[in-house]
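J.: Structure in structure tokens, see below.
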Number of protein chains: 4
Amino acid sequence: MVGLNVISTPIVIVNFKTYIEGTGKKATDLARSAKKVSSETGVCFAVAPQFVDIPLIVNSVGIPVLAQHIDPFKPGSYTGHVLPEAVKEAGAVGTLINHSERRLRLADIDEALTRAREVGLATVVCTNNTTVSASAAALKPDMIAVEPPELIGTGIPVSKAKPEVVTSTVESVKKVNRDVVVLCGAGITNGEDVAAAIKLGTEGVLVASGIVKAKDPYKVMLEFAQAMIKH
Amino acid sequence: MVGLNVISTPIVIVNFKTYIEGTGKKATDLARSAKKVSSETGVCFAVAPQFVDIPLIVNSVGIPVLAQHIDPFKPGSYTGHVLPEAVKEAGAVGTLINHSERRLRLADIDEALTRAREVGLATVVCTNNTTVSASAAALKPDMIAVEPPELIGTGIPVSKAKPEVVTSTVESVKKVNRDVVVLCGAGITNGEDVAAAIKLGTEGVLVASGIVKAKDPYKVMLEFAQAMIKH
Amino acid sequence: MVGLNVISTPIVIVNFKTYIEGTGKKATDLARSAKKVSSETGVCFAVAPQFVDIPLIVNSVGIPVLAQHIDPFKPGSYTGHVLPEAVKEAGAVGTLINHSERRLRLADIDEALTRAREVGLATVVCTNNTTVSASAAALKPDMIAVEPPELIGTGIPVSKAKPEVVTSTVESVKKVNRDVVVLCGAGITNGEDVAAAIKLGTEGVLVASGIVKAKDPYKVMLEFAQAMIKH
Amino acid sequence: MVGLNVISTPIVIVNFKTYIEGTGKKATDLARSAKKVSSETGVCFAVAPQFVDIPLIVNSVGIPVLAQHIDPFKPGSYTGHVLPEAVKEAGAVGTLINHSERRLRLADIDEALTRAREVGLATVVCTNNTTVSASAAALKPDMIAVEPPELIGTGIPVSKAKPEVVTSTVESVKKVNRDVVVLCGAGITNGEDVAAAIKLGTEGVLVASGIVKAKDPYKVMLEFAQAMIKH
């Protein structure tokens, strides 16, 4: 995997979305908490802040940083878009692609993956079900994070509400391409949900509001990490 | 105008697009050259770099920085999008909206303008012809930059190839809303083009490849500034 | 107005959306009921069925038919899009543009209007608030239908819940362009709502579920027509 | 395959796009020519006209008709979109999905395929390269038509300019799902191109301008059919 030296599994990827609790100075604070938990437990944490918040976190926190999205473009006339080269030079080690809140056309996912490989960014393609996960696996991303959209932000954990989606995704992705790491997300809010995800065969979780909007994000992340270690 | 303390007219806005010559360290260098010309001539220059490049330029160069785009969203679940609050906290003083390479739906332009006003970002709405400029003026942006798309990146200056588009835009925008500053862009590459633009009634230019891809951007910007002063 | 010989005000435009009750044979039945009410009361009714249902309604019912959308294209390589010429040749007399469920980019609304005028289709631009309505008016459509999106499909009538949106839209549209006919929509379900809309200065209503999903669409349409006549 | 009683391989699918030569009355004429060739040669021809032209062709020509696109929606509030049920009731037997001029998001291709199966429409997913074709195969469409976008409309046939794309697509699609029929398209203009396509392992071609914009479409289609038979 690209960026393997800084990313390892099991992994917790924290998506800051455009939550106010994950914007600007608060984004740096959150990243610092994630870094602390990572140092204390040895579990890999990566953070996916907004584009403008990438540089400061990279430079001041020393945690693996992912972009939330890249555009499938080479350098050129694309005002208002996100160039893979720019994200890389800013210090990100990877990127989410095709999050349910930023879905891409099939051909653009393919091209975004190609561009990410060219500039050396690890890739996490988000998917919504088992079939789409198998389809995405054929495009050879580093990781696939399956997230049933109807559970995102609900606090109802995919690993408990739809365990069969997780297991069948792991199975069908591995059948297409054994090298792809499978994560799951949606509704993950505590250590138990994380333990369940790992038990179902994933190598980590993609989480947003469960951590970013928690009263004490540090405490929740610590619980996540401990659930991963125990398992 | 929002951000009036740092933005004044006549103005040169340099759009870095996703040109490799305007990415990362090179973006900072370009911004520094713009700052130098601005200091030497007193003409206002603002730069519109990629999102991830905003913070470093803000912190190290001290020139007015615009985002190339914002999304019409309030803080929330919008992975991979550009929150006005984040752009503001990163230090940008304004934003382009609806560039021809990042067109927005009408209702989203309206909402993006509302959000920009709420967080205190100056706004430059890009348009493609006289009718659309009048339509945009009704939405009360701070500035409108008319750019016939067919001339963008060609080196054929709008101010000479389509002077009637520029004059009719100035007229129709002012009729709707006198307070809106009108700029023009597309194909502007030298001082003569800039002088022509000002003569046609605009208060500045929006320029990209003419500066970013120039052999000596400093020299071109100096020529632009001098053309504005002379006029 | 283009198509003036078949469209007159006050008008009721019935949007069939992609409701199953407005698809295929049921679309023709609905159109027939609208035609009957129109003949009995003298009030103009127009229907906006799905694309594939346009020809049969045109040929068998004899009621003014609008497309729900057109694309801003000239004939060419645009697989899966809706060519104005094709809609016109199929017998439609006009088209909705920029419905809240099919929002367009500002430049594309302008171009779609230009194309509609070129082929001779009457135009109804949908808008979401007063400011956007004024902006749309500058593009010179034949009609503007203001519909606060949050009321669409709710049964809470815009003419009663947000009368100020309707009156301020009429005022601001007429200020930009007196020739534009203003309609309103969202939540209109009975004669009282229609009467309120007319009282607020509109010349008709755009309605969907209130008629299409009614138990007895004929009865509801008759009530609408009578409310318009009385007024 | 859904609609198998009317669709067989080898097949020629003629995409009318939004060419003026394939609009309205001319669309019916073209379909009639295709029908004639099909009757004379026994080779299956299907046509993909614009939405509004589907009903007349279905009713007057008696040739298998495909939509150029469907939206991934169930009946509901989707003004201006293309409901699979409506296309089916109008008499189409299938649909193109994800044409290069109407690309869809990955999750939407999956959902469009599900909806097509639910209503009984055969599906042809268009793709741009080998990797994307393998990815699409995992979604279980009836057919995949690979078309390198840079060759579409050029007259440079994919079967001769990029034979390796065709053969590797056939191989990789069949590896994922043997039941998927593979077609190719882009630049196909004469019988030789068709013969080459069949020799490379495809079971037919997707063609547009090569037929629709030909001086004598009947003659070109006859040549296509004969090339398929000979082979």
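By order of appearance in the structure tokens: chains A, B, ..., then residues from 1 within every chain, and ligands from 1 in the order shown.
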Counting only C-alpha atoms, which residues from chain C have an atom at most 6 Å from any atom of chain B, and could you show them as a count of residues only?

T.: 5

J.: Give me, as an mmCIF file with all heavy atoms, in the first residue's frame, all polymer residues having an atom no more than 9 Å from stretch 162-169 of chain A, counting only C-alpha atoms and skipping those fewer than 2 positions away in the same chain.

T.:
```
data_model
loop_
_atom_site.group_PDB
_atom_site.id
_atom_site.type_symbol
_atom_site.label_atom_id
_atom_site.label_comp_id
_atom_site.auth_asym_id
_atom_site.auth_seq_id
_atom_site.Cartn_x
_atom_site.Cartn_y
_atom_site.Cartn_z
ATOM 1 N N ASN A 129 -22.791 -0.727 -0.569
ATOM 2 C CA ASN A 129 -23.315 -2.081 -0.377
ATOM 3 C C ASN A 129 -22.308 -3.108 -0.900
ATOM 4 O O ASN A 129 -21.220 -2.737 -1.375
ATOM 5 C CB ASN A 129 -24.691 -2.235 -1.050
ATOM 6 C CG ASN A 129 -24.620 -2.060 -2.564
ATOM 7 O OD1 ASN A 129 -23.605 -2.346 -3.205
ATOM 8 N ND2 ASN A 129 -25.707 -1.572 -3.147
ATOM 9 N N THR A 130 -22.684 -4.370 -0.849
ATOM 10 C CA THR A 130 -21.759 -5.444 -1.216
ATOM 11 C C THR A 130 -21.424 -5.431 -2.700
ATOM 12 O O THR A 130 -20.258 -5.577 -3.087
ATOM 13 C CB THR A 130 -22.393 -6.807 -0.860
ATOM 14 O OG1 THR A 130 -22.700 -6.799 0.538
ATOM 15 C CG2 THR A 130 -21.440 -7.950 -1.159
ATOM 16 N N THR A 131 -22.422 -5.258 -3.536
ATOM 17 C CA THR A 131 -22.207 -5.277 -4.977
ATOM 18 C C THR A 131 -21.296 -4.140 -5.417
ATOM 19 O O THR A 131 -20.358 -4.336 -6.200
ATOM 20 C CB THR A 131 -23.562 -5.151 -5.727
ATOM 21 O OG1 THR A 131 -24.468 -6.106 -5.198
ATOM 22 C CG2 THR A 131 -23.383 -5.387 -7.210
ATOM 23 N N VAL A 132 -21.574 -2.964 -4.926
ATOM 24 C CA VAL A 132 -20.744 -1.808 -5.278
ATOM 25 C C VAL A 132 -19.323 -1.991 -4.737
ATOM 26 O O VAL A 132 -18.345 -1.581 -5.370
ATOM 27 C CB VAL A 132 -21.389 -0.506 -4.769
ATOM 28 C CG1 VAL A 132 -20.430 0.667 -4.863
ATOM 29 C CG2 VAL A 132 -22.660 -0.209 -5.579
ATOM 30 N N SER A 133 -19.180 -2.646 -3.604
ATOM 31 C CA SER A 133 -17.848 -2.899 -3.048
ATOM 32 C C SER A 133 -17.046 -3.828 -3.953
ATOM 33 O O SER A 133 -15.854 -3.605 -4.196
ATOM 34 C CB SER A 133 -17.970 -3.515 -1.649
ATOM 35 O OG SER A 133 -18.652 -2.636 -0.773
ATOM 36 N N ALA A 134 -17.704 -4.863 -4.476
ATOM 37 C CA ALA A 134 -17.024 -5.772 -5.401
ATOM 38 C C ALA A 134 -16.611 -5.022 -6.656
ATOM 39 O O ALA A 134 -15.512 -5.207 -7.183
ATOM 40 C CB ALA A 134 -17.944 -6.936 -5.764
ATOM 41 N N VAL A 146 -17.021 0.282 3.501
ATOM 42 C CA VAL A 146 -18.436 0.131 3.177
ATOM 43 C C VAL A 146 -19.287 0.824 4.249
ATOM 44 O O VAL A 146 -19.080 0.622 5.445
ATOM 45 C CB VAL A 146 -18.826 -1.360 3.022
ATOM 46 C CG1 VAL A 146 -18.650 -2.138 4.314
ATOM 47 C CG2 VAL A 146 -20.257 -1.486 2.500
ATOM 48 N N GLU A 147 -20.177 1.680 3.778
ATOM 49 C CA GLU A 147 -21.020 2.460 4.696
ATOM 50 C C GLU A 147 -22.445 2.538 4.161
ATOM 51 O O GLU A 147 -22.710 3.333 3.263
ATOM 52 C CB GLU A 147 -20.514 3.898 4.812
ATOM 53 C CG GLU A 147 -19.118 4.065 5.327
ATOM 54 C CD GLU A 147 -18.823 5.545 5.606
ATOM 55 O OE1 GLU A 147 -18.838 6.338 4.639
ATOM 56 O OE2 GLU A 147 -18.627 5.902 6.765
ATOM 57 N N PRO A 148 -23.370 1.745 4.688
ATOM 58 C CA PRO A 148 -24.772 1.897 4.253
ATOM 59 C C PRO A 148 -25.237 3.321 4.559
ATOM 60 O O PRO A 148 -25.265 3.729 5.722
ATOM 61 C CB PRO A 148 -25.512 0.879 5.127
ATOM 62 C CG PRO A 148 -24.468 -0.127 5.539
ATOM 63 C CD PRO A 148 -23.205 0.668 5.674
ATOM 64 N N PRO A 157 -24.997 1.325 14.712
ATOM 65 C CA PRO A 157 -23.756 0.855 14.099
ATOM 66 C C PRO A 157 -23.984 -0.206 13.024
ATOM 67 O O PRO A 157 -24.727 -1.166 13.229
ATOM 68 C CB PRO A 157 -22.981 0.257 15.276
ATOM 69 C CG PRO A 157 -24.033 -0.158 16.251
ATOM 70 C CD PRO A 157 -25.165 0.832 16.096
ATOM 71 N N VAL A 158 -23.344 0.005 11.874
ATOM 72 C CA VAL A 158 -23.420 -0.956 10.777
ATOM 73 C C VAL A 158 -22.999 -2.345 11.243
ATOM 74 O O VAL A 158 -23.568 -3.353 10.816
ATOM 75 C CB VAL A 158 -22.549 -0.495 9.586
ATOM 76 C CG1 VAL A 158 -21.083 -0.398 9.971
ATOM 77 C CG2 VAL A 158 -22.711 -1.425 8.393
ATOM 78 N N SER A 159 -22.023 -2.388 12.134
ATOM 79 C CA SER A 159 -21.475 -3.679 12.558
ATOM 80 C C SER A 159 -22.470 -4.484 13.380
ATOM 81 O O SER A 159 -22.324 -5.680 13.553
ATOM 82 C CB SER A 159 -20.180 -3.467 13.345
ATOM 83 O OG SER A 159 -20.366 -2.498 14.361
ATOM 84 N N LYS A 160 -23.492 -3.814 13.888
ATOM 85 C CA LYS A 160 -24.520 -4.538 14.641
ATOM 86 C C LYS A 160 -25.844 -4.579 13.888
ATOM 87 O O LYS A 160 -26.559 -5.582 13.922
ATOM 88 C CB LYS A 160 -24.723 -3.867 16.000
ATOM 89 C CG LYS A 160 -23.482 -3.976 16.878
ATOM 90 C CD LYS A 160 -23.755 -3.354 18.238
ATOM 91 C CE LYS A 160 -23.106 -4.164 19.353
ATOM 92 N NZ LYS A 160 -23.460 -3.575 20.664
ATOM 93 N N GLU A 171 -16.022 -10.625 2.058
ATOM 94 C CA GLU A 171 -15.895 -11.812 1.217
ATOM 95 C C GLU A 171 -15.807 -11.448 -0.266
ATOM 96 O O GLU A 171 -14.923 -11.931 -0.984
ATOM 97 C CB GLU A 171 -17.121 -12.710 1.467
ATOM 98 C CG GLU A 171 -17.019 -14.088 0.839
ATOM 99 C CD GLU A 171 -18.343 -14.867 0.998
ATOM 100 O OE1 GLU A 171 -19.255 -14.338 1.700
ATOM 101 O OE2 GLU A 171 -18.486 -15.946 0.424
ATOM 102 N N SER A 172 -16.718 -10.593 -0.707
ATOM 103 C CA SER A 172 -16.753 -10.321 -2.148
ATOM 104 C C SER A 172 -15.582 -9.444 -2.597
ATOM 105 O O SER A 172 -15.085 -9.594 -3.712
ATOM 106 C CB SER A 172 -18.102 -9.694 -2.549
ATOM 107 O OG SER A 172 -18.237 -8.432 -1.981
ATOM 108 N N VAL A 173 -15.129 -8.554 -1.735
ATOM 109 C CA VAL A 173 -13.960 -7.738 -2.081
ATOM 110 C C VAL A 173 -12.721 -8.618 -2.179
ATOM 111 O O VAL A 173 -11.956 -8.545 -3.148
ATOM 112 C CB VAL A 173 -13.738 -6.618 -1.036
ATOM 113 C CG1 VAL A 173 -12.345 -5.998 -1.189
ATOM 114 C CG2 VAL A 173 -14.815 -5.558 -1.177
ATOM 115 N N LYS A 174 -12.532 -9.483 -1.196
ATOM 116 C CA LYS A 174 -11.335 -10.335 -1.176
ATOM 117 C C LYS A 174 -11.311 -11.296 -2.364
ATOM 118 O O LYS A 174 -10.251 -11.649 -2.866
ATOM 119 C CB LYS A 174 -11.296 -11.136 0.135
ATOM 120 C CG LYS A 174 -11.094 -10.276 1.387
ATOM 121 C CD LYS A 174 -9.713 -9.609 1.401
ATOM 122 C CE LYS A 174 -9.487 -8.824 2.693
ATOM 123 N NZ LYS A 174 -8.182 -8.149 2.727
ATOM 124 N N VAL A 182 -10.406 -3.976 3.916
ATOM 125 C CA VAL A 182 -11.811 -3.595 4.051
ATOM 126 C C VAL A 182 -12.072 -2.962 5.422
ATOM 127 O O VAL A 182 -11.713 -3.525 6.464
ATOM 128 C CB VAL A 182 -12.751 -4.807 3.867
ATOM 129 C CG1 VAL A 182 -14.205 -4.381 4.027
ATOM 130 C CG2 VAL A 182 -12.526 -5.440 2.505
ATOM 131 N N LEU A 183 -12.667 -1.799 5.377
ATOM 132 C CA LEU A 183 -13.104 -1.112 6.597
ATOM 133 C C LEU A 183 -14.623 -1.033 6.549
ATOM 134 O O LEU A 183 -15.245 -1.287 5.527
ATOM 135 C CB LEU A 183 -12.549 0.317 6.642
ATOM 136 C CG LEU A 183 -11.075 0.532 6.310
ATOM 137 C CD1 LEU A 183 -10.747 2.030 6.346
ATOM 138 C CD2 LEU A 183 -10.201 -0.225 7.307
ATOM 139 N N CYS A 184 -15.228 -0.650 7.679
ATOM 140 C CA CYS A 184 -16.651 -0.345 7.607
ATOM 141 C C CYS A 184 -16.931 0.927 8.382
ATOM 142 O O CYS A 184 -16.111 1.384 9.187
ATOM 143 C CB CYS A 184 -17.518 -1.516 8.076
ATOM 144 S SG CYS A 184 -17.452 -1.830 9.836
ATOM 145 N N ALA A 196 -17.087 -5.308 17.228
ATOM 146 C CA ALA A 196 -17.968 -6.072 16.328
ATOM 147 C C ALA A 196 -17.476 -5.970 14.890
ATOM 148 O O ALA A 196 -17.482 -6.960 14.143
ATOM 149 C CB ALA A 196 -19.401 -5.550 16.431
ATOM 150 N N ALA A 197 -17.036 -4.788 14.476
ATOM 151 C CA ALA A 197 -16.543 -4.583 13.111
ATOM 152 C C ALA A 197 -15.325 -5.459 12.838
ATOM 153 O O ALA A 197 -15.219 -6.085 11.773
ATOM 154 C CB ALA A 197 -16.204 -3.110 12.883
ATOM 155 N N LEU A 200 -16.128 -9.079 12.458
ATOM 156 C CA LEU A 200 -16.764 -9.412 11.178
ATOM 157 C C LEU A 200 -15.758 -9.498 10.023
ATOM 158 O O LEU A 200 -16.133 -9.742 8.886
ATOM 159 C CB LEU A 200 -17.849 -8.382 10.834
ATOM 160 C CG LEU A 200 -19.061 -8.358 11.781
ATOM 161 C CD1 LEU A 200 -19.907 -7.121 11.531
ATOM 162 C CD2 LEU A 200 -19.895 -9.620 11.630
ATOM 163 N N GLY A 201 -14.488 -9.227 10.328
ATOM 164 C CA GLY A 201 -13.472 -9.418 9.305
ATOM 165 C C GLY A 201 -12.887 -8.146 8.717
ATOM 166 O O GLY A 201 -12.051 -8.199 7.807
ATOM 167 N N THR A 202 -13.307 -6.996 9.229
ATOM 168 C CA THR A 202 -12.728 -5.747 8.723
ATOM 169 C C THR A 202 -11.383 -5.490 9.410
ATOM 170 O O THR A 202 -11.071 -6.114 10.429
ATOM 171 C CB THR A 202 -13.634 -4.536 8.996
ATOM 172 O OG1 THR A 202 -13.663 -4.291 10.402
ATOM 173 C CG2 THR A 202 -15.049 -4.804 8.486
#
```

J.: Write out as number ranges by chain each polymer residue whose atoms come within 10 Å of C:Val93, counting only C-alpha atoms; drop sequence neighbours fewer than 2 positions from it.

T.: C: 2-7, 46, 58, 63-67, 87-91, 95, 116, 119-123

J.: Export N, CA and C atoms of the chosen residues as a short mmCIF file (atom, residue, chain, number, x, y, z; two decimals), in the first residue's frame?

T.:
```
data_model
loop_
_atom_site.label_atom_id
_atom_site.label_comp_id
_atom_site.auth_asym_id
_atom_site.auth_seq_id
_atom_site.Cartn_x
_atom_site.Cartn_y
_atom_site.Cartn_z
N VAL C 2 -44.45 32.97 -26.23
CA VAL C 2 -44.45 31.87 -27.19
C VAL C 2 -45.62 30.93 -26.86
N GLY C 3 -46.29 30.41 -27.86
CA GLY C 3 -47.36 29.45 -27.60
C GLY C 3 -48.58 30.10 -27.00
N LEU C 4 -48.69 31.42 -27.18
CA LEU C 4 -49.75 32.19 -26.54
C LEU C 4 -51.14 31.74 -27.02
N ASN C 5 -51.17 31.24 -28.23
CA ASN C 5 -52.47 30.84 -28.75
C ASN C 5 -53.08 29.69 -27.95
N VAL C 6 -52.26 28.88 -27.30
CA VAL C 6 -52.82 27.78 -26.54
C VAL C 6 -52.70 27.96 -25.02
N ILE C 7 -51.80 28.86 -24.61
CA ILE C 7 -51.65 29.09 -23.17
C ILE C 7 -52.20 30.47 -22.84
N ALA C 46 -52.54 23.32 -18.25
CA ALA C 46 -51.47 22.70 -19.03
C ALA C 46 -50.92 21.55 -18.19
N VAL C 58 -50.27 14.54 -26.36
CA VAL C 58 -50.43 15.54 -27.41
C VAL C 58 -51.43 15.05 -28.47
N ILE C 63 -54.53 18.99 -25.13
CA ILE C 63 -54.34 19.95 -24.05
C ILE C 63 -52.91 20.49 -24.18
N PRO C 64 -52.65 21.73 -23.79
CA PRO C 64 -51.26 22.20 -23.88
C PRO C 64 -50.35 21.34 -23.00
N VAL C 65 -49.27 20.85 -23.60
CA VAL C 65 -48.34 19.97 -22.90
C VAL C 65 -46.98 20.66 -22.76
N LEU C 66 -46.43 20.59 -21.55
CA LEU C 66 -45.09 21.11 -21.29
C LEU C 66 -44.15 19.96 -20.98
N ALA C 67 -42.88 20.06 -21.38
CA ALA C 67 -41.87 19.14 -20.89
C ALA C 67 -41.53 19.52 -19.45
N VAL C 87 -38.53 17.82 -28.28
CA VAL C 87 -39.70 18.11 -27.45
C VAL C 87 -40.73 18.90 -28.25
N LYS C 88 -40.22 19.85 -29.02
CA LYS C 88 -41.11 20.66 -29.86
C LYS C 88 -41.78 19.81 -30.94
N GLU C 89 -40.99 18.99 -31.62
CA GLU C 89 -41.57 18.16 -32.68
C GLU C 89 -42.58 17.16 -32.13
N ALA C 90 -42.37 16.74 -30.88
CA ALA C 90 -43.32 15.81 -30.25
C ALA C 90 -44.64 16.51 -29.91
N GLY C 91 -44.66 17.84 -30.01
CA GLY C 91 -45.92 18.55 -29.83
C GLY C 91 -46.05 19.33 -28.55
N THR C 95 -42.02 24.32 -21.70
CA THR C 95 -41.23 23.47 -20.81
C THR C 95 -41.02 24.14 -19.46
N ALA C 116 -35.04 27.41 -26.05
CA ALA C 116 -36.50 27.30 -26.06
C ALA C 116 -37.10 28.35 -26.99
N VAL C 119 -36.64 27.43 -30.69
CA VAL C 119 -37.51 26.40 -31.28
C VAL C 119 -38.98 26.70 -31.05
N GLY C 120 -39.28 27.74 -30.26
CA GLY C 120 -40.68 28.10 -30.07
C GLY C 120 -41.38 27.36 -28.94
N LEU C 121 -40.70 27.26 -27.80
CA LEU C 121 -41.31 26.67 -26.61
C LEU C 121 -41.50 27.76 -25.55
N ALA C 122 -42.69 27.81 -24.96
CA ALA C 122 -42.92 28.72 -23.83
C ALA C 122 -42.13 28.21 -22.63
N THR C 123 -41.71 29.12 -21.75
CA THR C 123 -40.81 28.73 -20.66
C THR C 123 -41.34 29.12 -19.28
#
```

J.: What lies within 12 Å of C:Ile229 using only C-alpha atoms, ignoring chain neighbours under 2 positions off, as a list in words?

T.: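 The filter keeps Thr9, Pro10, Ile11, Val12, Ser38, Glu40, Thr41, Gly42, Val43, Cys44, Gly191, Val194, Ala195, Ile198, Glu203, Gly204, Leu222, Glu223, Phe224, Ala225, Gln226, Ala227 and His231 of chain C.
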
J.: Now that the selection is made, can you save its residues with C-alpha atoms as a PDB file, in the first residue's frame?

T.:
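See out35.pdb below for the written result:
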```pdb
ATOM      1  CA  THR C   9     -53.777  33.132 -17.844  1.00  0.00           C
ATOM      2  CA  PRO C  10     -54.953  32.446 -15.235  1.00  0.00           C
ATOM      3  CA  ILE C  11     -53.375  29.055 -15.622  1.00  0.00           C
ATOM      4  CA  VAL C  12     -53.066  25.810 -13.715  1.00  0.00           C
ATOM      5  CA  SER C  38     -60.626  23.270 -18.896  1.00  0.00           C
ATOM      6  CA  GLU C  40     -66.128  23.085 -18.774  1.00  0.00           C
ATOM      7  CA  THR C  41     -64.742  26.165 -17.022  1.00  0.00           C
ATOM      8  CA  GLY C  42     -62.702  28.000 -19.620  1.00  0.00           C
ATOM      9  CA  VAL C  43     -59.690  28.072 -17.295  1.00  0.00           C
ATOM     10  CA  CYS C  44     -56.405  27.193 -18.986  1.00  0.00           C
ATOM     11  CA  GLY C 191     -59.530  25.997  -4.077  1.00  0.00           C
ATOM     12  CA  VAL C 194     -55.571  28.841  -5.305  1.00  0.00           C
ATOM     13  CA  ALA C 195     -57.764  31.837  -4.484  1.00  0.00           C
ATOM     14  CA  ILE C 198     -54.411  34.816  -7.141  1.00  0.00           C
ATOM     15  CA  GLU C 203     -51.593  34.610 -12.482  1.00  0.00           C
ATOM     16  CA  GLY C 204     -51.760  30.913 -11.714  1.00  0.00           C
ATOM     17  CA  LEU C 222     -62.621  21.632 -10.909  1.00  0.00           C
ATOM     18  CA  GLU C 223     -62.317  23.247  -7.481  1.00  0.00           C
ATOM     19  CA  PHE C 224     -59.096  24.946  -8.588  1.00  0.00           C
ATOM     20  CA  ALA C 225     -60.730  26.280 -11.734  1.00  0.00           C
ATOM     21  CA  GLN C 226     -63.781  27.565  -9.904  1.00  0.00           C
ATOM     22  CA  ALA C 227     -61.595  29.342  -7.362  1.00  0.00           C
ATOM     23  CA  HIS C 231     -61.683  35.462  -8.102  1.00  0.00           C
TER      24      HIS C 231
END
```

J.: List every residue of stretch 102-210 of chain D that DSSP, applied to the backbone of this structure, places in helix (DSSP H, G or I), and write the result as a PyMOL selection string.

T.: chain D and resi 106-119+130-137+149-151+158-161+163-176+191-199+209-210

J.: Using only C-alpha atoms, which protein or nucleic acid residues come within 7 Å of stretch 23-34 of chain B? Drop anything in the same chain fewer than 4 positions from it, and give the result as JSON, numbers by chain.

T.: {"A": [86, 89, 90], "B": [18, 19, 38, 45, 47, 49, 53, 57, 61, 218, 221]}

J.: Find the residue from C:Pro84, C:Lys175, C:Pro217, C:Arg115 that sits nearest to C:Lys35; use only C-alpha atoms when measuring.

T.: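 When distances to C:Lys35 are compared using only C-alpha atoms, the smallest one comes from C:Pro217.
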
J.: What residues in chain C get the DSSP label strand (DSSP E)? Please answer as a PyMOL selection string.

T.: chain C and resi 11-15+44-48+66-67+94-97+122-127+143-146+181-185+204-207
